[in-house]
>>> print(open('model-v6.cif').read())   # mmCIF, C-alpha atoms
data_final
#
loop_
_atom_site.group_PDB
_atom_site.id
_atom_site.type_symbol
_atom_site.label_atom_id
_atom_site.label_comp_id
_atom_site.auth_asym_id
_atom_site.auth_seq_id
_atom_site.Cartn_x
_atom_site.Cartn_y
_atom_site.Cartn_z
ATOM 1 C CA MET A 1 -5.106 23.825 3.906
ATOM 2 C CA GLY A 2 -5.900 25.873 0.903
ATOM 3 C CA LEU A 3 -8.686 27.946 2.404
ATOM 4 C CA GLU A 4 -6.684 29.010 5.451
ATOM 5 C CA THR A 5 -4.059 30.622 3.285
ATOM 6 C CA ALA A 6 -6.796 32.494 1.455
ATOM 7 C CA PHE A 7 -8.275 33.890 4.728
ATOM 8 C CA GLY A 8 -4.956 34.739 6.301
ATOM 9 C CA PRO A 9 -3.835 34.213 9.893
ATOM 10 C CA GLY A 10 -6.464 33.568 12.636
ATOM 11 C CA PHE A 11 -8.653 31.221 10.608
ATOM 12 C CA ILE A 12 -8.880 27.434 10.475
ATOM 13 C CA THR A 13 -11.248 25.177 8.619
ATOM 14 C CA THR A 14 -13.047 22.359 10.416
ATOM 15 C CA THR A 15 -16.496 20.861 10.747
ATOM 16 C CA LEU A 16 -19.260 22.167 12.949
ATOM 17 C CA ASP A 17 -19.520 18.790 14.713
ATOM 18 C CA LYS A 18 -15.856 18.831 15.625
ATOM 19 C CA VAL A 19 -16.002 22.297 17.139
ATOM 20 C CA ILE A 20 -19.196 21.657 19.072
ATOM 21 C CA ASN A 21 -18.105 18.230 20.301
ATOM 22 C CA TRP A 22 -14.753 19.671 21.321
ATOM 23 C CA GLY A 23 -16.593 22.236 23.428
ATOM 24 C CA ARG A 24 -18.950 19.696 24.909
ATOM 25 C CA ARG A 25 -16.367 17.091 25.781
ATOM 26 C CA TRP A 26 -14.108 19.465 27.685
ATOM 27 C CA SER A 27 -16.823 21.275 29.597
ATOM 28 C CA LEU A 28 -19.008 18.573 31.102
ATOM 29 C CA TYR A 29 -20.970 19.859 34.081
ATOM 30 C CA PRO A 30 -21.679 16.895 36.345
ATOM 31 C CA MET A 31 -24.857 16.691 38.384
ATOM 32 C CA PRO A 32 -23.878 14.622 41.419
ATOM 33 C CA TYR A 33 -26.665 12.319 42.514
ATOM 34 C CA GLY A 34 -24.925 10.811 45.487
ATOM 35 C CA THR A 35 -27.029 8.545 47.675
ATOM 36 C CA ALA A 36 -24.512 6.112 49.122
ATOM 37 C CA CYS A 37 -20.845 5.219 49.460
ATOM 38 C CA CYS A 38 -20.211 5.737 45.726
ATOM 39 C CA ALA A 39 -20.672 9.443 46.408
ATOM 40 C CA ILE A 40 -17.597 9.359 48.640
ATOM 41 C CA GLU A 41 -15.567 7.992 45.722
ATOM 42 C CA LEU A 42 -17.121 10.678 43.536
ATOM 43 C CA MET A 43 -15.878 13.319 45.963
ATOM 44 C CA GLY A 44 -12.478 11.661 45.970
ATOM 45 C CA THR A 45 -12.420 11.833 42.200
ATOM 46 C CA LEU A 46 -13.152 15.537 42.311
ATOM 47 C CA ALA A 47 -10.474 16.278 44.885
ATOM 48 C CA SER A 48 -6.859 17.115 44.156
ATOM 49 C CA ARG A 49 -5.441 13.580 44.053
ATOM 50 C CA TYR A 50 -7.528 12.364 41.115
ATOM 51 C CA ASP A 51 -8.621 15.815 39.949
ATOM 52 C CA LEU A 52 -11.565 15.504 37.594
ATOM 53 C CA ALA A 53 -10.667 19.017 36.414
ATOM 54 C CA ARG A 54 -8.120 17.397 34.104
ATOM 55 C CA TYR A 55 -11.110 16.366 31.989
ATOM 56 C CA GLY A 56 -12.880 19.684 32.295
ATOM 57 C CA ALA A 57 -15.617 18.208 34.452
ATOM 58 C CA GLU A 58 -14.773 19.721 37.824
ATOM 59 C CA ALA A 59 -17.600 22.262 37.915
ATOM 60 C CA ILE A 60 -20.176 20.370 39.948
ATOM 61 C CA ARG A 61 -23.537 22.072 39.871
ATOM 62 C CA PHE A 62 -26.288 21.229 42.295
ATOM 63 C CA SER A 63 -28.947 22.533 39.985
ATOM 64 C CA PRO A 64 -29.910 20.075 37.239
ATOM 65 C CA ARG A 65 -30.661 22.942 34.859
ATOM 66 C CA GLN A 66 -26.986 23.843 34.796
ATOM 67 C CA CYS A 67 -25.733 20.303 34.196
ATOM 68 C CA ASP A 68 -25.307 17.920 31.313
ATOM 69 C CA LEU A 69 -23.769 14.862 32.968
ATOM 70 C CA LEU A 70 -25.816 12.982 35.552
ATOM 71 C CA ILE A 71 -23.631 10.806 37.771
ATOM 72 C CA VAL A 72 -25.923 8.502 39.728
ATOM 73 C CA SER A 73 -23.668 7.327 42.515
ATOM 74 C CA GLY A 74 -25.510 5.163 44.978
ATOM 75 C CA THR A 75 -28.562 3.079 45.723
ATOM 76 C CA ILE A 76 -31.808 4.393 44.288
ATOM 77 C CA ASN A 77 -34.868 3.122 46.064
ATOM 78 C CA ASN A 78 -38.317 3.008 44.577
ATOM 79 C CA LYS A 79 -39.530 5.923 46.611
ATOM 80 C CA MET A 80 -36.733 8.101 45.267
ATOM 81 C CA THR A 81 -37.186 7.076 41.638
ATOM 82 C CA PRO A 82 -39.630 9.885 40.740
ATOM 83 C CA VAL A 83 -37.148 12.417 42.133
ATOM 84 C CA LEU A 84 -34.327 10.995 40.021
ATOM 85 C CA LYS A 85 -36.514 11.011 36.933
ATOM 86 C CA ARG A 86 -37.486 14.590 37.535
ATOM 87 C CA ILE A 87 -33.885 15.676 38.012
ATOM 88 C CA TYR A 88 -32.982 14.004 34.729
ATOM 89 C CA GLU A 89 -35.866 15.678 32.939
ATOM 90 C CA GLN A 90 -34.818 19.075 34.256
ATOM 91 C CA MET A 91 -31.309 18.771 32.868
ATOM 92 C CA SER A 92 -30.631 20.661 29.684
ATOM 93 C CA GLU A 93 -29.959 18.816 26.423
ATOM 94 C CA PRO A 94 -27.622 17.374 25.378
ATOM 95 C CA LYS A 95 -27.195 15.231 28.481
ATOM 96 C CA TRP A 96 -25.467 12.037 29.456
ATOM 97 C CA VAL A 97 -25.878 9.595 32.331
ATOM 98 C CA ILE A 98 -23.306 7.553 34.228
ATOM 99 C CA ALA A 99 -24.580 4.706 36.396
ATOM 100 C CA MET A 100 -21.836 4.530 38.994
ATOM 101 C CA GLY A 101 -21.445 1.314 40.969
ATOM 102 C CA ALA A 102 -23.398 -1.881 41.336
ATOM 103 C CA CYS A 103 -26.471 -0.291 42.942
ATOM 104 C CA ALA A 104 -27.125 2.298 40.266
ATOM 105 C CA SER A 105 -26.356 -0.246 37.544
ATOM 106 C CA ALA A 106 -28.437 -3.184 38.775
ATOM 107 C CA GLY A 107 -29.621 -2.683 42.341
ATOM 108 C CA GLY A 108 -26.401 -4.062 43.789
ATOM 109 C CA PRO A 109 -26.763 -6.337 46.783
ATOM 110 C CA PHE A 110 -30.208 -4.929 47.523
ATOM 111 C CA ASP A 111 -32.482 -7.378 45.757
ATOM 112 C CA SER A 112 -35.444 -6.096 47.704
ATOM 113 C CA TYR A 113 -38.921 -4.665 47.431
ATOM 114 C CA ALA A 114 -37.623 -1.197 48.252
ATOM 115 C CA VAL A 115 -34.756 -0.767 45.778
ATOM 116 C CA LEU A 116 -34.815 0.110 42.102
ATOM 117 C CA GLN A 117 -33.030 -2.712 40.269
ATOM 118 C CA GLY A 118 -30.869 -0.456 38.143
ATOM 119 C CA ILE A 119 -31.511 3.093 36.974
ATOM 120 C CA ASP A 120 -31.730 1.891 33.369
ATOM 121 C CA ARG A 121 -35.310 0.966 34.197
ATOM 122 C CA VAL A 122 -36.167 4.660 34.217
ATOM 123 C CA LEU A 123 -33.309 6.536 32.525
ATOM 124 C CA PRO A 124 -31.187 6.036 29.400
ATOM 125 C CA VAL A 125 -27.730 5.186 30.727
ATOM 126 C CA ASP A 126 -24.611 5.939 28.659
ATOM 127 C CA VAL A 127 -21.885 4.377 30.783
ATOM 128 C CA TYR A 128 -22.056 1.798 33.567
ATOM 129 C CA ILE A 129 -19.280 1.531 36.126
ATOM 130 C CA PRO A 130 -18.897 -1.790 37.920
ATOM 131 C CA GLY A 131 -17.624 -1.906 41.472
ATOM 132 C CA CYS A 132 -18.882 -1.547 44.995
ATOM 133 C CA PRO A 133 -17.894 1.218 45.191
ATOM 134 C CA PRO A 134 -15.764 1.766 42.067
ATOM 135 C CA ARG A 135 -12.391 3.400 42.537
ATOM 136 C CA PRO A 136 -11.877 6.973 41.325
ATOM 137 C CA GLU A 137 -9.887 5.669 38.357
ATOM 138 C CA ALA A 138 -13.009 3.835 37.198
ATOM 139 C CA LEU A 139 -15.047 7.024 37.349
ATOM 140 C CA LEU A 140 -12.321 8.841 35.420
ATOM 141 C CA GLN A 141 -12.483 6.164 32.771
ATOM 142 C CA ALA A 142 -16.251 6.535 32.607
ATOM 143 C CA VAL A 143 -15.849 10.261 31.986
ATOM 144 C CA ILE A 144 -13.346 9.458 29.239
ATOM 145 C CA LYS A 145 -15.857 7.015 27.741
ATOM 146 C CA ILE A 146 -18.490 9.758 27.794
ATOM 147 C CA GLN A 147 -16.039 12.031 26.004
ATOM 148 C CA GLU A 148 -15.447 9.369 23.373
ATOM 149 C CA LYS A 149 -19.174 9.027 22.959
ATOM 150 C CA ILE A 150 -19.558 12.778 22.541
ATOM 151 C CA ASP A 151 -16.878 12.698 19.820
ATOM 152 C CA LYS A 152 -18.946 10.264 17.789
ATOM 153 C CA GLU A 153 -22.079 12.387 17.933
ATOM 154 C CA THR A 154 -23.218 14.900 15.405
ATOM 155 C CA VAL A 155 -25.308 17.972 16.145
ATOM 156 C CA LEU A 156 -28.070 16.426 14.064
ATOM 157 C CA ASP A 157 -28.447 13.570 16.603
ATOM 158 C CA ARG A 158 -29.836 15.794 19.282
ATOM 159 C CA LYS A 159 -32.700 18.101 18.693
ATOM 160 C CA MET B 1 -36.262 -4.157 89.651
ATOM 161 C CA GLY B 2 -36.735 -3.087 93.237
ATOM 162 C CA ASP B 3 -38.741 -0.027 92.344
ATOM 163 C CA VAL B 4 -41.169 -1.873 90.127
ATOM 164 C CA ALA B 5 -42.990 -3.205 93.161
ATOM 165 C CA ASN B 6 -44.100 0.353 93.993
ATOM 166 C CA TYR B 7 -46.398 0.646 91.032
ATOM 167 C CA MET B 8 -47.033 -2.990 90.158
ATOM 168 C CA GLU B 9 -49.443 -3.182 93.063
ATOM 169 C CA GLY B 10 -51.419 -0.182 91.852
ATOM 170 C CA LEU B 11 -51.405 -1.498 88.309
ATOM 171 C CA LYS B 12 -52.721 -4.871 89.453
ATOM 172 C CA SER B 13 -55.417 -3.442 91.660
ATOM 173 C CA GLN B 14 -56.656 -1.239 88.824
ATOM 174 C CA LEU B 15 -56.477 -3.694 85.944
ATOM 175 C CA GLY B 16 -56.678 -7.055 87.675
ATOM 176 C CA ASP B 17 -56.015 -10.154 85.583
ATOM 177 C CA ALA B 18 -55.082 -8.165 82.504
ATOM 178 C CA VAL B 19 -51.653 -7.519 83.982
ATOM 179 C CA GLY B 20 -49.025 -10.231 84.104
ATOM 180 C CA GLU B 21 -45.983 -10.452 86.364
ATOM 181 C CA ALA B 22 -43.088 -8.028 85.973
ATOM 182 C CA LYS B 23 -39.996 -9.873 84.816
ATOM 183 C CA ALA B 24 -36.570 -8.471 84.117
ATOM 184 C CA ALA B 25 -35.678 -8.946 80.482
ATOM 185 C CA LEU B 26 -32.122 -9.781 79.399
ATOM 186 C CA ASP B 27 -31.287 -6.083 79.313
ATOM 187 C CA GLY B 28 -32.581 -5.635 82.866
ATOM 188 C CA VAL B 29 -35.636 -3.597 81.910
ATOM 189 C CA PRO B 30 -38.769 -4.741 83.808
ATOM 190 C CA THR B 31 -41.165 -6.221 81.307
ATOM 191 C CA ILE B 32 -44.866 -6.680 81.863
ATOM 192 C CA GLU B 33 -47.217 -8.720 79.700
ATOM 193 C CA ILE B 34 -50.573 -7.050 79.394
ATOM 194 C CA LYS B 35 -53.830 -7.982 77.675
ATOM 195 C CA PRO B 36 -54.502 -5.765 74.641
ATOM 196 C CA SER B 37 -57.763 -4.449 76.083
ATOM 197 C CA ALA B 38 -55.895 -2.989 79.063
ATOM 198 C CA ILE B 39 -52.833 -1.564 77.351
ATOM 199 C CA ILE B 40 -54.023 2.035 77.152
ATOM 200 C CA ALA B 41 -55.252 1.991 80.754
ATOM 201 C CA ALA B 42 -51.853 0.656 81.815
ATOM 202 C CA LEU B 43 -49.970 3.312 79.869
ATOM 203 C CA LYS B 44 -52.230 5.963 81.342
ATOM 204 C CA PHE B 45 -51.640 4.650 84.843
ATOM 205 C CA LEU B 46 -47.857 4.696 84.381
ATOM 206 C CA HIS B 47 -48.001 8.103 82.739
ATOM 207 C CA GLU B 48 -49.900 9.615 85.649
ATOM 208 C CA LEU B 49 -47.942 8.103 88.531
ATOM 209 C CA PRO B 50 -47.305 10.985 90.920
ATOM 210 C CA GLU B 51 -43.690 10.049 91.728
ATOM 211 C CA GLU B 52 -42.161 8.218 88.774
ATOM 212 C CA GLY B 53 -44.489 9.551 86.098
ATOM 213 C CA PHE B 54 -43.437 7.691 82.951
ATOM 214 C CA ASP B 55 -43.572 10.772 80.767
ATOM 215 C CA LEU B 56 -41.643 9.610 77.711
ATOM 216 C CA LEU B 57 -42.617 6.982 75.174
ATOM 217 C CA THR B 58 -39.189 5.861 73.988
ATOM 218 C CA ASP B 59 -40.429 3.456 71.377
ATOM 219 C CA LEU B 60 -43.458 1.633 70.153
ATOM 220 C CA THR B 61 -42.840 -1.299 67.901
ATOM 221 C CA ALA B 62 -44.062 -4.750 67.027
ATOM 222 C CA VAL B 63 -42.779 -8.283 66.555
ATOM 223 C CA ASP B 64 -44.126 -10.901 64.172
ATOM 224 C CA TRP B 65 -43.970 -14.341 65.819
ATOM 225 C CA LEU B 66 -45.229 -16.160 62.726
ATOM 226 C CA GLN B 67 -42.787 -19.069 63.025
ATOM 227 C CA TYR B 68 -43.471 -19.514 66.749
ATOM 228 C CA PRO B 69 -47.220 -20.095 67.045
ATOM 229 C CA GLU B 70 -46.699 -21.922 70.340
ATOM 230 C CA THR B 71 -45.800 -18.616 72.005
ATOM 231 C CA GLY B 72 -49.289 -17.199 71.538
ATOM 232 C CA GLU B 73 -50.975 -14.781 69.178
ATOM 233 C CA ARG B 74 -49.005 -13.755 66.113
ATOM 234 C CA PHE B 75 -48.296 -10.067 66.650
ATOM 235 C CA GLU B 76 -46.658 -8.645 69.722
ATOM 236 C CA LEU B 77 -46.706 -4.928 70.417
ATOM 237 C CA VAL B 78 -43.893 -3.542 72.512
ATOM 238 C CA TYR B 79 -44.163 -0.265 74.367
ATOM 239 C CA LEU B 80 -41.031 1.185 75.918
ATOM 240 C CA VAL B 81 -41.710 3.939 78.365
ATOM 241 C CA CYS B 82 -39.267 5.973 80.360
ATOM 242 C CA SER B 83 -39.496 8.182 83.401
ATOM 243 C CA THR B 84 -37.210 11.166 82.962
ATOM 244 C CA LYS B 85 -37.803 12.146 86.590
ATOM 245 C CA ALA B 86 -36.924 8.842 88.219
ATOM 246 C CA ASN B 87 -34.564 7.605 85.470
ATOM 247 C CA GLN B 88 -36.507 4.383 85.119
ATOM 248 C CA ARG B 89 -37.645 2.364 82.187
ATOM 249 C CA ILE B 90 -40.388 -0.161 81.764
ATOM 250 C CA ARG B 91 -41.497 -2.325 78.882
ATOM 251 C CA LEU B 92 -45.075 -3.348 78.196
ATOM 252 C CA LYS B 93 -45.896 -6.162 75.813
ATOM 253 C CA CYS B 94 -49.156 -7.424 74.455
ATOM 254 C CA ARG B 95 -50.127 -10.020 71.925
ATOM 255 C CA ILE B 96 -52.815 -9.428 69.323
ATOM 256 C CA SER B 97 -54.456 -11.746 66.877
ATOM 257 C CA GLU B 98 -53.529 -12.173 63.232
ATOM 258 C CA LEU B 99 -57.204 -12.230 62.240
ATOM 259 C CA ASN B 100 -57.926 -8.752 63.483
ATOM 260 C CA PRO B 101 -54.626 -6.939 64.007
ATOM 261 C CA CYS B 102 -56.083 -3.912 65.678
ATOM 262 C CA ILE B 103 -55.433 -2.141 68.972
ATOM 263 C CA GLU B 104 -56.371 1.116 70.619
ATOM 264 C CA SER B 105 -54.075 4.007 69.767
ATOM 265 C CA ALA B 106 -51.662 5.266 72.414
ATOM 266 C CA THR B 107 -51.843 8.803 71.025
ATOM 267 C CA ALA B 108 -54.431 9.657 73.684
ATOM 268 C CA VAL B 109 -51.733 9.167 76.329
ATOM 269 C CA TYR B 110 -48.523 9.935 74.430
ATOM 270 C CA LYS B 111 -48.751 12.364 71.528
ATOM 271 C CA GLY B 112 -45.401 11.101 70.301
ATOM 272 C CA ALA B 113 -46.971 7.744 69.530
ATOM 273 C CA GLU B 114 -48.471 9.147 66.340
ATOM 274 C CA TRP B 115 -45.566 8.536 63.991
ATOM 275 C CA LEU B 116 -44.474 5.365 65.812
ATOM 276 C CA GLU B 117 -47.907 3.868 65.277
ATOM 277 C CA ARG B 118 -47.867 4.946 61.644
ATOM 278 C CA GLU B 119 -44.591 3.074 61.261
ATOM 279 C CA VAL B 120 -46.029 -0.075 62.834
ATOM 280 C CA TYR B 121 -49.090 0.254 60.623
ATOM 281 C CA ASP B 122 -46.912 0.709 57.544
ATOM 282 C CA LEU B 123 -44.576 -2.218 58.164
ATOM 283 C CA PHE B 124 -46.777 -4.690 60.060
ATOM 284 C CA GLY B 125 -50.287 -3.740 58.985
ATOM 285 C CA ILE B 126 -51.503 -3.369 62.550
ATOM 286 C CA ARG B 127 -54.281 -0.811 62.782
ATOM 287 C CA PHE B 128 -54.657 1.639 65.659
ATOM 288 C CA ASP B 129 -58.135 2.684 66.679
ATOM 289 C CA GLY B 130 -58.451 6.370 67.424
ATOM 290 C CA HIS B 131 -55.251 7.354 65.628
ATOM 291 C CA PRO B 132 -55.633 10.864 64.161
ATOM 292 C CA ASP B 133 -53.874 10.197 60.839
ATOM 293 C CA LEU B 134 -53.180 6.532 60.154
ATOM 294 C CA ARG B 135 -51.295 6.572 56.844
ATOM 295 C CA ARG B 136 -48.134 4.868 55.635
ATOM 296 C CA ILE B 137 -45.116 6.786 56.876
ATOM 297 C CA MET B 138 -42.157 5.259 55.023
ATOM 298 C CA LEU B 139 -43.446 3.417 51.998
ATOM 299 C CA TRP B 140 -45.423 5.121 49.285
ATOM 300 C CA GLU B 141 -49.187 5.080 49.343
ATOM 301 C CA GLU B 142 -49.662 2.618 46.489
ATOM 302 C CA PHE B 143 -47.384 0.024 48.073
ATOM 303 C CA GLU B 144 -48.998 -3.355 48.637
ATOM 304 C CA GLY B 145 -48.234 -5.447 51.689
ATOM 305 C CA HIS B 146 -46.411 -4.913 54.944
ATOM 306 C CA PRO B 147 -42.711 -5.746 54.620
ATOM 307 C CA LEU B 148 -41.816 -6.578 58.212
ATOM 308 C CA ARG B 149 -44.352 -9.374 58.321
ATOM 309 C CA LYS B 150 -42.421 -12.599 58.208
ATOM 310 C CA ASP B 151 -44.507 -13.955 55.330
ATOM 311 C CA PHE B 152 -43.728 -10.945 53.118
ATOM 312 C CA PRO B 153 -41.471 -11.946 50.218
ATOM 313 C CA THR B 154 -38.177 -10.037 50.283
ATOM 314 C CA ARG B 155 -38.537 -8.935 46.686
ATOM 315 C CA GLY B 156 -42.063 -7.686 47.262
ATOM 316 C CA LEU B 157 -45.407 -8.947 46.097
ATOM 317 C CA HIS B 158 -44.702 -7.899 42.507
ATOM 318 C CA PRO B 159 -40.999 -8.615 42.034
ATOM 319 C CA VAL B 160 -39.223 -7.079 39.056
ATOM 320 C CA GLU B 161 -37.016 -9.093 36.761
ATOM 321 C CA ARG B 162 -33.325 -8.473 37.220
ATOM 322 C CA THR B 163 -32.561 -8.104 33.530
ATOM 323 C CA PRO B 164 -34.340 -5.382 31.537
ATOM 324 C CA GLU B 165 -34.686 -7.616 28.453
ATOM 325 C CA SER B 166 -36.856 -10.261 30.074
#
>>> encode(input="model-v6.cif", output="structure tokens")
Amino acid sequence: MGLETAFGPGFITTTLDKVINWGRRWSLYPMPYGTACCAIELMGTLASRYDLARYGAEAIRFSPRQCDLLIVSGTINNKMTPVLKRIYEQMSEPKWVIAMGACASAGGPFDSYAVLQGIDRVLPVDVYIPGCPPRPEALLQAVIKIQEKIDKETVLDRK
Amino acid sequence: MGDVANYMEGLKSQLGDAVGEAKAALDGVPTIEIKPSAIIAALKFLHELPEEGFDLLTDLTAVDWLQYPETGERFELVYLVCSTKANQRIRLKCRISELNPCIESATAVYKGAEWLEREVYDLFGIRFDGHPDLRRIMLWEEFEGHPLRKDFPTRGLHPVERTPES
């Protein structure tokens, strides 16, 4: 209050965390890792009816280096696990992970020798979405949850 | 079935007892049981027939008859060949033993058998003598076991726990 009057118009006072988190939460760049039917719901979420752009996360990038939100939508089998890990490692910090659907969260119905029983065995997951596949509303809520998580972070958390 | 008689005679005269009778399977494709030692000779004979000339190996796969020991040896190899000239198909089957699951490679006759045999090797553990590059084709190299064998546990030989905590 007081300081702004001293600086004149065009200035506000806030904290660094608030400004940075505000920027991060409204400009998430999702990396779509679509391997199964969940990816169809992901596409539906991005399209005009559900419009992920309302949360600033419409700019899908197919290069992990340009992304900070990994949406794993679909079954991950053991043979693909190293690829997923590598994609995650290539993403720039800070980064978040959504495990979309039953398969990405826990292997889903595929309790088999070939399927990874949940991506949390190899990646740190921030938000899990239940469903097979989840509806677009569920994915929207997951993005909101990620935003809430970003709000609670401070720049000192991530190096 | 009518046309099968044309080459069955030649096949029998060349390979003798190794060749069984041609029977129409449920799908109508003539099916011949052959002894494993004669399978490549039979494929070669069919491949080189002057008129029909079975030039295309449609599929090469295997069946594990583990629960039906009364039907014969455990593994059954199935060769589906097709003649693109005469629009005919024929199916060859042979049984091989569980103790030494090994058979001569069909790559000498059909080059396209290479990846099909790798698949059978990967999933059934049947080895093919004379194959140029017998590696796993679908599963990763370190994988243990052969998943399409009926005694392979669905979760694999080293199953993972469902919950990360345990």
>>> atom_distance(input="model-v6.cif", atom1="atom CA of B:Tyr110", atom2="atom CA of B:Ala24")
24.0 Å
>>> atom_distance(input="model-v6.cif", atom1="atom CA of A:Ser105", atom2="atom CA of A:Met43")
19.1 Å
>>> closest_residue(input="model-v6.cif", among="A:Lys145, A:Asn78, A:Pro130, A:Cys103", to="chain B", atoms="only C-alpha atoms")
A:Asn78
>>> closest_residue(input="model-v6.cif", among="B:Phe45, B:Trp140, B:Phe124, B:Phe152", to="B:Arg74", atoms="all atoms listed in the file")
B:Phe124
>>> resolve_selection(input="model-v6.cif", expression="the PyMOL selection byres ((chain B) within 12 of (chain A))", output="PyMOL selection string")
chain B and resi 137-148+152-165
>>> build_atoms(input="model-v6.cif", residues="stretch 10-16 of chain A", atoms="all heavy atoms", output="short mmCIF file (atom, residue, chain, number, x, y, z; two decimals), in the frame of the given file")
data_model
loop_
_atom_site.label_atom_id
_atom_site.label_comp_id
_atom_site.auth_asym_id
_atom_site.auth_seq_id
_atom_site.Cartn_x
_atom_site.Cartn_y
_atom_site.Cartn_z
N GLY A 10 -5.31 33.46 11.75
CA GLY A 10 -6.46 33.57 12.64
C GLY A 10 -7.64 32.75 12.19
O GLY A 10 -8.66 32.72 12.86
N PHE A 11 -7.54 32.04 11.09
CA PHE A 11 -8.65 31.22 10.61
C PHE A 11 -8.21 29.78 10.46
O PHE A 11 -7.09 29.50 10.07
CB PHE A 11 -9.15 31.73 9.25
CG PHE A 11 -9.93 33.00 9.36
CD1 PHE A 11 -9.28 34.23 9.31
CD2 PHE A 11 -11.31 32.98 9.52
CE1 PHE A 11 -10.00 35.41 9.42
CE2 PHE A 11 -12.02 34.15 9.63
CZ PHE A 11 -11.37 35.39 9.57
N ILE A 12 -9.10 28.84 10.81
CA ILE A 12 -8.88 27.43 10.48
C ILE A 12 -10.16 26.90 9.86
O ILE A 12 -11.24 27.45 10.09
CB ILE A 12 -8.50 26.58 11.71
CG1 ILE A 12 -9.58 26.70 12.80
CG2 ILE A 12 -7.14 26.92 12.23
CD1 ILE A 12 -9.55 25.57 13.79
N THR A 13 -10.04 25.83 9.14
CA THR A 13 -11.25 25.18 8.62
C THR A 13 -11.45 23.88 9.38
O THR A 13 -10.52 23.16 9.70
CB THR A 13 -11.13 24.86 7.12
OG1 THR A 13 -9.93 24.11 6.91
CG2 THR A 13 -11.14 26.11 6.30
N THR A 14 -12.70 23.60 9.71
CA THR A 14 -13.05 22.36 10.42
C THR A 14 -14.52 22.09 10.18
O THR A 14 -15.15 22.77 9.35
CB THR A 14 -12.71 22.48 11.92
OG1 THR A 14 -13.05 21.26 12.56
CG2 THR A 14 -13.47 23.60 12.57
N THR A 15 -15.06 21.10 10.88
CA THR A 15 -16.50 20.86 10.75
C THR A 15 -17.20 21.36 11.99
O THR A 15 -16.61 21.43 13.07
CB THR A 15 -16.79 19.36 10.57
OG1 THR A 15 -16.36 18.69 11.74
CG2 THR A 15 -16.10 18.79 9.36
N LEU A 16 -18.47 21.67 11.82
CA LEU A 16 -19.26 22.17 12.95
C LEU A 16 -19.28 21.13 14.08
O LEU A 16 -19.13 21.46 15.25
CB LEU A 16 -20.68 22.46 12.46
CG LEU A 16 -21.61 23.12 13.48
CD1 LEU A 16 -21.07 24.47 13.91
CD2 LEU A 16 -23.01 23.27 12.91
#
